[in-house]
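*Asks:* This is query.txt, which holds compact mmCIF, N, CA and C atoms:
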```
# COMPACT_ATOMS: atom_id res chain seq x y z
N MET B 1 -78.23 -77.18 12.10
CA MET B 1 -78.15 -76.39 13.31
C MET B 1 -76.94 -76.87 14.12
N THR B 2 -76.20 -75.91 14.64
CA THR B 2 -75.03 -76.24 15.44
C THR B 2 -75.19 -75.68 16.83
N GLU B 3 -74.26 -76.06 17.70
CA GLU B 3 -74.29 -75.53 19.06
C GLU B 3 -74.08 -74.03 19.08
N THR B 4 -73.46 -73.50 18.04
CA THR B 4 -73.18 -72.08 18.00
C THR B 4 -74.27 -71.28 17.30
N SER B 5 -75.40 -71.93 17.01
CA SER B 5 -76.47 -71.19 16.35
C SER B 5 -77.08 -70.19 17.34
N LEU B 6 -77.74 -69.19 16.79
CA LEU B 6 -78.30 -68.10 17.59
C LEU B 6 -79.82 -68.12 17.54
N THR B 7 -80.44 -67.79 18.65
CA THR B 7 -81.89 -67.58 18.65
C THR B 7 -82.14 -66.22 18.01
N ILE B 8 -83.39 -65.92 17.71
CA ILE B 8 -83.70 -64.62 17.12
C ILE B 8 -83.36 -63.49 18.09
N GLY B 9 -83.56 -63.73 19.39
CA GLY B 9 -83.21 -62.72 20.39
C GLY B 9 -81.72 -62.46 20.44
N GLU B 10 -80.94 -63.55 20.35
CA GLU B 10 -79.48 -63.40 20.35
C GLU B 10 -79.00 -62.68 19.10
N LEU B 11 -79.54 -63.05 17.95
CA LEU B 11 -79.16 -62.39 16.71
C LEU B 11 -79.55 -60.91 16.76
N SER B 12 -80.71 -60.63 17.30
CA SER B 12 -81.16 -59.25 17.44
C SER B 12 -80.21 -58.46 18.34
N SER B 13 -79.87 -59.04 19.47
CA SER B 13 -78.98 -58.37 20.42
C SER B 13 -77.59 -58.13 19.82
N ARG B 14 -77.06 -59.14 19.14
CA ARG B 14 -75.72 -59.01 18.54
C ARG B 14 -75.68 -58.07 17.35
N SER B 15 -76.76 -58.02 16.58
CA SER B 15 -76.76 -57.23 15.34
C SER B 15 -77.33 -55.83 15.52
N GLY B 16 -78.10 -55.62 16.59
CA GLY B 16 -78.75 -54.32 16.77
C GLY B 16 -79.99 -54.15 15.90
N VAL B 17 -80.51 -55.24 15.37
CA VAL B 17 -81.68 -55.22 14.50
C VAL B 17 -82.85 -55.86 15.26
N ALA B 18 -83.99 -55.23 15.22
CA ALA B 18 -85.17 -55.72 15.94
C ALA B 18 -85.58 -57.10 15.42
N PRO B 19 -86.11 -57.96 16.31
CA PRO B 19 -86.58 -59.27 15.86
C PRO B 19 -87.60 -59.19 14.72
N SER B 20 -88.47 -58.20 14.75
CA SER B 20 -89.46 -58.05 13.67
C SER B 20 -88.77 -57.80 12.33
N ALA B 21 -87.69 -57.01 12.34
CA ALA B 21 -86.95 -56.76 11.10
C ALA B 21 -86.24 -58.02 10.64
N LEU B 22 -85.71 -58.80 11.58
CA LEU B 22 -85.05 -60.06 11.21
C LEU B 22 -86.05 -61.01 10.56
N ARG B 23 -87.25 -61.09 11.12
CA ARG B 23 -88.28 -61.95 10.52
C ARG B 23 -88.63 -61.45 9.12
N TYR B 24 -88.68 -60.12 8.94
CA TYR B 24 -88.96 -59.52 7.63
C TYR B 24 -87.83 -59.86 6.65
N TYR B 25 -86.59 -59.71 7.09
CA TYR B 25 -85.46 -60.06 6.23
C TYR B 25 -85.53 -61.53 5.82
N GLU B 26 -85.94 -62.37 6.75
CA GLU B 26 -86.06 -63.80 6.43
C GLU B 26 -87.16 -64.03 5.40
N ARG B 27 -88.29 -63.36 5.57
CA ARG B 27 -89.39 -63.49 4.59
C ARG B 27 -88.93 -63.07 3.20
N LEU B 28 -88.07 -62.04 3.14
CA LEU B 28 -87.57 -61.56 1.85
C LEU B 28 -86.45 -62.45 1.29
N GLY B 29 -85.97 -63.37 2.07
CA GLY B 29 -84.89 -64.25 1.62
C GLY B 29 -83.51 -63.65 1.79
N LEU B 30 -83.39 -62.60 2.60
CA LEU B 30 -82.09 -61.96 2.82
C LEU B 30 -81.24 -62.75 3.82
N ILE B 31 -81.89 -63.37 4.78
CA ILE B 31 -81.21 -64.22 5.75
C ILE B 31 -81.97 -65.54 5.85
N ARG B 32 -81.30 -66.55 6.42
CA ARG B 32 -81.91 -67.87 6.54
C ARG B 32 -81.85 -68.35 7.99
N ALA B 33 -82.88 -69.08 8.37
CA ALA B 33 -82.92 -69.68 9.70
C ALA B 33 -83.35 -71.13 9.58
N ALA B 34 -82.79 -71.95 10.44
CA ALA B 34 -83.26 -73.33 10.58
C ALA B 34 -84.36 -73.30 11.64
N ARG B 35 -85.12 -74.37 11.76
CA ARG B 35 -86.18 -74.45 12.76
C ARG B 35 -85.91 -75.63 13.69
N THR B 36 -86.22 -75.40 14.96
CA THR B 36 -86.11 -76.47 15.94
C THR B 36 -87.37 -77.33 15.86
N GLY B 37 -87.40 -78.42 16.62
CA GLY B 37 -88.59 -79.25 16.68
C GLY B 37 -89.80 -78.48 17.18
N GLY B 38 -89.57 -77.45 17.99
CA GLY B 38 -90.65 -76.59 18.49
C GLY B 38 -90.92 -75.40 17.58
N ASN B 39 -90.37 -75.42 16.37
CA ASN B 39 -90.56 -74.39 15.34
C ASN B 39 -89.93 -73.04 15.71
N GLN B 40 -88.91 -73.06 16.56
CA GLN B 40 -88.20 -71.82 16.88
C GLN B 40 -87.07 -71.61 15.87
N ARG B 41 -86.83 -70.36 15.55
CA ARG B 41 -85.76 -70.03 14.60
C ARG B 41 -84.40 -70.20 15.27
N ARG B 42 -83.46 -70.71 14.46
CA ARG B 42 -82.05 -70.76 14.87
C ARG B 42 -81.23 -70.29 13.68
N TYR B 43 -80.39 -69.29 13.94
CA TYR B 43 -79.57 -68.69 12.89
C TYR B 43 -78.12 -69.12 13.05
N ASP B 44 -77.50 -69.47 11.93
CA ASP B 44 -76.07 -69.74 11.93
C ASP B 44 -75.36 -68.42 12.22
N ARG B 45 -74.23 -68.49 12.89
CA ARG B 45 -73.49 -67.27 13.23
C ARG B 45 -73.10 -66.46 11.98
N ALA B 46 -72.95 -67.13 10.85
CA ALA B 46 -72.59 -66.44 9.60
C ALA B 46 -73.68 -65.44 9.20
N GLU B 47 -74.89 -65.62 9.70
CA GLU B 47 -75.97 -64.69 9.37
C GLU B 47 -75.71 -63.30 9.97
N LEU B 48 -74.89 -63.23 11.01
CA LEU B 48 -74.52 -61.92 11.59
C LEU B 48 -73.87 -61.03 10.53
N ARG B 49 -73.00 -61.63 9.71
CA ARG B 49 -72.32 -60.86 8.67
C ARG B 49 -73.32 -60.38 7.62
N ARG B 50 -74.28 -61.23 7.27
CA ARG B 50 -75.31 -60.85 6.30
C ARG B 50 -76.15 -59.70 6.84
N VAL B 51 -76.52 -59.78 8.12
CA VAL B 51 -77.33 -58.71 8.72
C VAL B 51 -76.53 -57.41 8.76
N ALA B 52 -75.25 -57.49 9.10
CA ALA B 52 -74.41 -56.29 9.09
C ALA B 52 -74.34 -55.69 7.69
N PHE B 53 -74.19 -56.55 6.69
CA PHE B 53 -74.15 -56.09 5.30
C PHE B 53 -75.46 -55.39 4.92
N ILE B 54 -76.58 -55.96 5.33
CA ILE B 54 -77.89 -55.37 5.05
C ILE B 54 -77.99 -53.99 5.69
N ARG B 55 -77.62 -53.89 6.96
CA ARG B 55 -77.72 -52.61 7.67
C ARG B 55 -76.86 -51.53 7.01
N ILE B 56 -75.62 -51.87 6.71
CA ILE B 56 -74.72 -50.88 6.10
C ILE B 56 -75.21 -50.50 4.70
N SER B 57 -75.65 -51.47 3.94
CA SER B 57 -76.15 -51.20 2.59
C SER B 57 -77.34 -50.26 2.63
N GLN B 58 -78.26 -50.48 3.57
CA GLN B 58 -79.41 -49.60 3.69
C GLN B 58 -78.98 -48.19 4.08
N GLN B 59 -77.97 -48.08 4.92
CA GLN B 59 -77.50 -46.76 5.35
C GLN B 59 -76.98 -45.92 4.19
N VAL B 60 -76.47 -46.56 3.17
CA VAL B 60 -75.96 -45.81 2.02
C VAL B 60 -76.99 -45.75 0.89
N GLY B 61 -78.23 -46.15 1.19
CA GLY B 61 -79.31 -45.96 0.24
C GLY B 61 -79.55 -47.10 -0.74
N VAL B 62 -79.03 -48.27 -0.47
CA VAL B 62 -79.25 -49.41 -1.36
C VAL B 62 -80.59 -50.06 -0.98
N SER B 63 -81.40 -50.34 -1.96
CA SER B 63 -82.72 -50.92 -1.70
C SER B 63 -82.60 -52.38 -1.26
N LEU B 64 -83.62 -52.86 -0.57
CA LEU B 64 -83.63 -54.26 -0.15
C LEU B 64 -83.61 -55.21 -1.35
N GLU B 65 -84.22 -54.81 -2.45
CA GLU B 65 -84.20 -55.65 -3.65
C GLU B 65 -82.77 -55.77 -4.18
N GLU B 66 -82.03 -54.66 -4.21
CA GLU B 66 -80.63 -54.72 -4.65
C GLU B 66 -79.79 -55.55 -3.69
N ILE B 67 -80.09 -55.42 -2.41
CA ILE B 67 -79.36 -56.20 -1.41
C ILE B 67 -79.65 -57.68 -1.61
N ARG B 68 -80.91 -58.02 -1.87
CA ARG B 68 -81.28 -59.42 -2.10
C ARG B 68 -80.52 -59.98 -3.30
N THR B 69 -80.46 -59.21 -4.38
CA THR B 69 -79.74 -59.65 -5.58
C THR B 69 -78.26 -59.88 -5.26
N ALA B 70 -77.67 -58.97 -4.52
CA ALA B 70 -76.26 -59.11 -4.17
C ALA B 70 -76.03 -60.33 -3.29
N LEU B 71 -76.88 -60.52 -2.28
CA LEU B 71 -76.71 -61.66 -1.38
C LEU B 71 -76.95 -62.98 -2.10
N ALA B 72 -77.79 -62.96 -3.12
CA ALA B 72 -78.05 -64.19 -3.89
C ALA B 72 -76.80 -64.65 -4.63
N SER B 73 -75.85 -63.74 -4.84
CA SER B 73 -74.62 -64.11 -5.55
C SER B 73 -73.63 -64.84 -4.63
N LEU B 74 -73.89 -64.84 -3.34
CA LEU B 74 -73.01 -65.53 -2.40
C LEU B 74 -73.33 -67.02 -2.38
N PRO B 75 -72.35 -67.85 -2.08
CA PRO B 75 -72.60 -69.29 -2.06
C PRO B 75 -73.58 -69.68 -0.95
N GLU B 76 -74.46 -70.63 -1.25
CA GLU B 76 -75.41 -71.11 -0.25
C GLU B 76 -74.88 -72.32 0.50
N SER B 77 -73.97 -73.05 -0.11
CA SER B 77 -73.52 -74.32 0.46
C SER B 77 -72.42 -74.15 1.51
N ARG B 78 -71.91 -72.93 1.68
CA ARG B 78 -70.84 -72.70 2.65
C ARG B 78 -70.88 -71.25 3.12
N THR B 79 -70.18 -70.99 4.21
CA THR B 79 -70.07 -69.62 4.70
C THR B 79 -69.24 -68.81 3.70
N PRO B 80 -69.74 -67.65 3.28
CA PRO B 80 -68.96 -66.84 2.33
C PRO B 80 -67.59 -66.47 2.89
N THR B 81 -66.61 -66.48 2.02
CA THR B 81 -65.24 -66.13 2.41
C THR B 81 -65.01 -64.63 2.21
N LYS B 82 -63.86 -64.19 2.63
CA LYS B 82 -63.46 -62.80 2.41
C LYS B 82 -63.47 -62.48 0.92
N ALA B 83 -63.03 -63.42 0.11
CA ALA B 83 -63.00 -63.22 -1.35
C ALA B 83 -64.42 -63.08 -1.92
N ASP B 84 -65.36 -63.87 -1.38
CA ASP B 84 -66.75 -63.76 -1.83
C ASP B 84 -67.29 -62.36 -1.55
N TRP B 85 -67.04 -61.87 -0.33
CA TRP B 85 -67.53 -60.54 0.04
C TRP B 85 -66.83 -59.46 -0.78
N ALA B 86 -65.54 -59.64 -1.07
CA ALA B 86 -64.79 -58.66 -1.86
C ALA B 86 -65.36 -58.59 -3.29
N ALA B 87 -65.69 -59.74 -3.86
CA ALA B 87 -66.27 -59.75 -5.21
C ALA B 87 -67.61 -59.03 -5.22
N LEU B 88 -68.41 -59.26 -4.20
CA LEU B 88 -69.71 -58.61 -4.11
C LEU B 88 -69.53 -57.09 -4.02
N SER B 89 -68.64 -56.64 -3.15
CA SER B 89 -68.46 -55.20 -2.98
C SER B 89 -67.85 -54.55 -4.23
N ALA B 90 -67.02 -55.29 -4.95
CA ALA B 90 -66.43 -54.75 -6.18
C ALA B 90 -67.51 -54.44 -7.22
N ARG B 91 -68.56 -55.26 -7.26
CA ARG B 91 -69.66 -55.02 -8.20
C ARG B 91 -70.41 -53.73 -7.87
N TRP B 92 -70.37 -53.31 -6.63
CA TRP B 92 -71.09 -52.10 -6.21
C TRP B 92 -70.22 -50.85 -6.22
N ARG B 93 -68.94 -51.00 -6.43
CA ARG B 93 -68.01 -49.87 -6.27
C ARG B 93 -68.41 -48.66 -7.12
N GLY B 94 -68.69 -48.86 -8.40
CA GLY B 94 -69.05 -47.73 -9.27
C GLY B 94 -70.31 -47.03 -8.79
N ARG B 95 -71.30 -47.81 -8.42
CA ARG B 95 -72.56 -47.24 -7.93
C ARG B 95 -72.32 -46.44 -6.65
N LEU B 96 -71.51 -46.98 -5.75
CA LEU B 96 -71.23 -46.27 -4.50
C LEU B 96 -70.44 -44.99 -4.76
N ASP B 97 -69.49 -45.05 -5.69
CA ASP B 97 -68.74 -43.84 -6.04
C ASP B 97 -69.67 -42.76 -6.60
N GLU B 98 -70.64 -43.15 -7.44
CA GLU B 98 -71.63 -42.19 -7.97
C GLU B 98 -72.46 -41.60 -6.84
N ARG B 99 -72.85 -42.42 -5.90
CA ARG B 99 -73.66 -41.96 -4.77
C ARG B 99 -72.88 -40.98 -3.90
N ILE B 100 -71.61 -41.29 -3.66
CA ILE B 100 -70.76 -40.40 -2.87
C ILE B 100 -70.64 -39.05 -3.57
N ALA B 101 -70.40 -39.06 -4.87
CA ALA B 101 -70.29 -37.80 -5.63
C ALA B 101 -71.60 -37.02 -5.56
N PHE B 102 -72.73 -37.71 -5.68
CA PHE B 102 -74.03 -37.06 -5.58
C PHE B 102 -74.22 -36.44 -4.20
N LEU B 103 -73.88 -37.17 -3.15
CA LEU B 103 -74.05 -36.64 -1.80
C LEU B 103 -73.15 -35.43 -1.56
N GLU B 104 -71.95 -35.45 -2.12
CA GLU B 104 -71.06 -34.29 -2.00
C GLU B 104 -71.65 -33.07 -2.71
N ARG B 105 -72.21 -33.28 -3.92
CA ARG B 105 -72.85 -32.17 -4.65
C ARG B 105 -74.05 -31.64 -3.87
N LEU B 106 -74.84 -32.55 -3.33
CA LEU B 106 -76.01 -32.15 -2.56
C LEU B 106 -75.59 -31.34 -1.34
N ARG B 107 -74.58 -31.82 -0.61
CA ARG B 107 -74.08 -31.09 0.55
C ARG B 107 -73.63 -29.68 0.15
N ASP B 108 -72.88 -29.59 -0.92
CA ASP B 108 -72.38 -28.29 -1.35
C ASP B 108 -73.51 -27.38 -1.81
N ASP B 109 -74.48 -27.91 -2.56
CA ASP B 109 -75.61 -27.11 -3.02
C ASP B 109 -76.47 -26.63 -1.85
N LEU B 110 -76.73 -27.51 -0.92
CA LEU B 110 -77.56 -27.13 0.22
C LEU B 110 -76.85 -26.15 1.13
N SER B 111 -75.54 -26.28 1.26
CA SER B 111 -74.79 -25.31 2.05
C SER B 111 -74.93 -23.93 1.44
N GLY B 112 -74.87 -23.85 0.12
CA GLY B 112 -75.04 -22.57 -0.56
C GLY B 112 -76.44 -22.02 -0.37
N CYS B 113 -77.45 -22.89 -0.41
CA CYS B 113 -78.83 -22.45 -0.24
C CYS B 113 -79.09 -21.93 1.16
N ILE B 114 -78.56 -22.62 2.14
CA ILE B 114 -78.78 -22.20 3.52
C ILE B 114 -78.16 -20.82 3.74
N GLY B 115 -77.01 -20.60 3.17
CA GLY B 115 -76.32 -19.32 3.35
C GLY B 115 -76.87 -18.19 2.51
N CYS B 116 -77.54 -18.50 1.41
CA CYS B 116 -77.94 -17.43 0.48
C CYS B 116 -79.21 -16.71 0.91
N GLY B 117 -80.08 -17.39 1.63
CA GLY B 117 -81.33 -16.76 2.01
C GLY B 117 -82.24 -16.52 0.81
N CYS B 118 -81.98 -17.18 -0.29
CA CYS B 118 -82.77 -17.09 -1.52
C CYS B 118 -82.89 -15.66 -2.04
N LEU B 119 -81.80 -14.92 -1.93
CA LEU B 119 -81.79 -13.56 -2.45
C LEU B 119 -81.44 -13.54 -3.93
N SER B 120 -80.93 -14.65 -4.44
CA SER B 120 -80.54 -14.71 -5.84
C SER B 120 -81.29 -15.86 -6.51
N LEU B 121 -82.55 -15.67 -6.81
CA LEU B 121 -83.37 -16.74 -7.36
C LEU B 121 -82.94 -17.16 -8.76
N ARG B 122 -82.22 -16.33 -9.48
CA ARG B 122 -81.75 -16.70 -10.81
C ARG B 122 -80.73 -17.84 -10.75
N ARG B 123 -79.98 -17.92 -9.66
CA ARG B 123 -78.95 -18.95 -9.53
C ARG B 123 -79.36 -20.10 -8.62
N CYS B 124 -80.50 -20.01 -7.98
CA CYS B 124 -80.92 -21.00 -6.99
C CYS B 124 -81.22 -22.34 -7.66
N ARG B 125 -80.61 -23.41 -7.13
CA ARG B 125 -80.79 -24.76 -7.69
C ARG B 125 -82.15 -25.35 -7.34
N LEU B 126 -82.82 -24.75 -6.36
CA LEU B 126 -84.11 -25.29 -5.94
C LEU B 126 -85.30 -24.51 -6.50
N TYR B 127 -85.04 -23.32 -7.04
CA TYR B 127 -86.12 -22.47 -7.51
C TYR B 127 -86.76 -23.05 -8.76
N ASN B 128 -88.06 -23.13 -8.73
CA ASN B 128 -88.81 -23.72 -9.84
C ASN B 128 -90.10 -22.90 -10.01
N PRO B 129 -89.99 -21.71 -10.61
CA PRO B 129 -91.17 -20.84 -10.71
C PRO B 129 -92.31 -21.50 -11.48
N ASP B 130 -93.50 -21.36 -10.93
CA ASP B 130 -94.72 -21.90 -11.56
C ASP B 130 -94.64 -23.40 -11.82
N ASP B 131 -93.80 -24.09 -11.07
CA ASP B 131 -93.66 -25.54 -11.18
C ASP B 131 -93.39 -25.98 -12.63
N GLU B 132 -92.52 -25.24 -13.31
CA GLU B 132 -92.19 -25.52 -14.70
C GLU B 132 -91.63 -26.93 -14.92
N LEU B 133 -90.97 -27.48 -13.92
CA LEU B 133 -90.32 -28.78 -14.08
C LEU B 133 -91.29 -29.95 -13.90
N ALA B 134 -92.54 -29.68 -13.59
CA ALA B 134 -93.51 -30.76 -13.40
C ALA B 134 -93.65 -31.62 -14.66
N ALA B 135 -93.47 -31.02 -15.81
CA ALA B 135 -93.60 -31.75 -17.07
C ALA B 135 -92.50 -32.81 -17.22
N GLU B 136 -91.39 -32.64 -16.49
CA GLU B 136 -90.28 -33.59 -16.57
C GLU B 136 -90.46 -34.77 -15.61
N GLY B 137 -91.43 -34.69 -14.71
CA GLY B 137 -91.66 -35.79 -13.78
C GLY B 137 -91.63 -35.34 -12.34
N ALA B 138 -91.85 -36.29 -11.45
CA ALA B 138 -91.92 -36.00 -10.02
C ALA B 138 -90.53 -35.88 -9.41
N GLY B 139 -90.49 -35.25 -8.26
CA GLY B 139 -89.27 -35.19 -7.48
C GLY B 139 -88.45 -33.95 -7.73
N PRO B 140 -87.35 -33.82 -6.97
CA PRO B 140 -86.46 -32.65 -7.08
C PRO B 140 -85.60 -32.75 -8.34
N ARG B 141 -86.14 -32.34 -9.45
CA ARG B 141 -85.52 -32.53 -10.77
C ARG B 141 -84.13 -31.88 -10.89
N LEU B 142 -83.92 -30.76 -10.24
CA LEU B 142 -82.64 -30.06 -10.40
C LEU B 142 -81.53 -30.65 -9.54
N LEU B 143 -81.87 -31.37 -8.51
CA LEU B 143 -80.84 -31.90 -7.62
C LEU B 143 -80.47 -33.35 -7.90
N LEU B 144 -81.44 -34.16 -8.30
CA LEU B 144 -81.15 -35.57 -8.53
C LEU B 144 -80.46 -35.80 -9.86
N PRO B 145 -79.54 -36.77 -9.90
CA PRO B 145 -78.91 -37.09 -11.18
C PRO B 145 -79.96 -37.65 -12.14
N PRO B 146 -79.72 -37.57 -13.44
CA PRO B 146 -80.71 -37.96 -14.43
C PRO B 146 -81.35 -39.34 -14.22
N GLY B 147 -80.59 -40.33 -13.81
CA GLY B 147 -81.16 -41.67 -13.62
C GLY B 147 -82.04 -41.79 -12.40
N LEU B 148 -81.90 -40.89 -11.46
CA LEU B 148 -82.67 -40.96 -10.21
C LEU B 148 -83.82 -39.99 -10.19
N ALA B 149 -83.80 -38.99 -11.01
CA ALA B 149 -84.84 -37.95 -10.97
C ALA B 149 -86.13 -38.48 -11.56
```
Hey, can you dump this file as structure tokens for me?
*Replies:*
Amino acid sequence: MTETSLTIGELSSRSGVAPSALRYYERLGLIRAARTGGNQRRYDRAELRRVAFIRISQQVGVSLEEIRTALASLPESRTPTKADWAALSARWRGRLDERIAFLERLRDDLSGCIGCGCLSLRRCRLYNPDDELAAEGAGPRLLLPPGLA
């Protein structure tokens, strides 16, 4: 613990993440806290970057389990460097590019659906007469890419 360590309230205020979520992230091993003699949490300032990474990753649809795996690749004995973070993000680049392409297709498909008024059911990407696609599994089978459907 250093003089620059943060209380849970300070980390919450600086990161925009509720204290309950920070405690949850700690339970999952996503962030780490030291304890005072009175058992209060103290976070190293470097944890701010980890919390920011968690928030941004969740915003783009990355699961907490995937985030945990990625954060586990960072060094524990020192504050991660710019190079450490760059290596981590490089491992996700392909997955993020696939997600971006999927979101663009979804945006374009939904824009067409909103404008069509479902007057052309033969071409509709959402139309599933008699729930024929149920045999293929749950979820929006026509919109999700094969690995996600």
*Asks:* Do a neighbour search on Glu65 in chain B at 10 Å with only C-alpha atoms, toss out local chain neighbours closer than 6 positions, and write the hits as JSON, numbers by chain.
*Replies:* {"B": [28, 30, 71]}
*Asks:* Please report, as JSON, numbers by chain, each residue of range 25-131 of chain B to which DSSP assigns helix (DSSP H, G or I) when run on this structure's backbone.
*Replies:* {"B": [25, 26, 27, 28, 47, 48, 49, 50, 51, 52, 53, 54, 55, 56, 57, 58, 59, 64, 65, 66, 67, 68, 69, 70, 71, 72, 82, 83, 84, 85, 86, 87, 88, 89, 90, 91, 92, 93, 94, 95, 96, 97, 98, 99, 100, 101, 102, 103, 104, 105, 106, 107, 108, 109, 110, 111, 112, 113, 114, 115, 116, 129, 130, 131]}
*Asks:* Would you mind telling me which residue in B:Ala101, B:Leu74, B:Ala21, B:Ile8 lies nearest to Arg45 in chain B when using only C-alpha atoms?
*Replies:* B:Ile8
*Asks:* Interatomic distance between atom C of Ala87 in chain B and CA of Ala18 in chain B?
*Replies:*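 These atoms are spaced 27.7 Å apart.
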*Asks:* What is the distance between CA of Leu88 in chain B and atom N of Ser73 in chain B, in Å to one decimal?
*Replies:*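 CA of Leu88 in chain B sits 8.0 Å away from atom N of Ser73 in chain B.
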*Asks:* Tell me, as a list in words, which residues lie within 9 Å of Arg99 in chain B, counting only C-alpha atoms; anything in the same chain fewer than 4 positions away does not count.
*Replies:* Val60, Gly61, Gly94, Arg95, Leu103 and Glu104 of chain B
*Asks:* Between B:Leu64, B:Ala90, B:Leu48, B:Ala70, which residue has the minimum interatomic distance to Arg14 in chain B, considering all atoms listed in the file?
*Replies:*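 Checking each candidate against Arg14 in chain B, we get B:Leu48 as the closest.
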*Asks:* If I take CA of Tyr43 in chain B and CA of Thr4 in chain B, how far is one from the other in Å, to one decimal?
*Replies:*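 Pair CA of Tyr43 in chain B / CA of Thr4 in chain B returns 8.9 Å.
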*Asks:* Would you return as a ChimeraX atom specification the members of range 26-73 of chain B that DSSP assigns to strand (DSSP E) on this structure's backbone?
*Replies:* /B:34-35,41-42
*Asks:* So for range 63-72 of chain B, what box centre and size do we get, axis-aligned, 5 Å extra on each of the six sides, every listed atom, Å to one decimal, as lines of an AutoDock Vina configuration file?
*Replies:*
```
center_x = -80.1
center_y = -57.5
center_z = -2.9
size_x = 18.2
size_y = 24.3
size_z = 15.4
```
*Asks:* Nearest to Gly29 in chain B among B:Ala134, B:Leu11, B:Ile67, B:Ala83, with distances taken over all atoms listed in the file: which residue is it?
*Replies:*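 Selected residue with least distance to Gly29 in chain B: B:Ile67.
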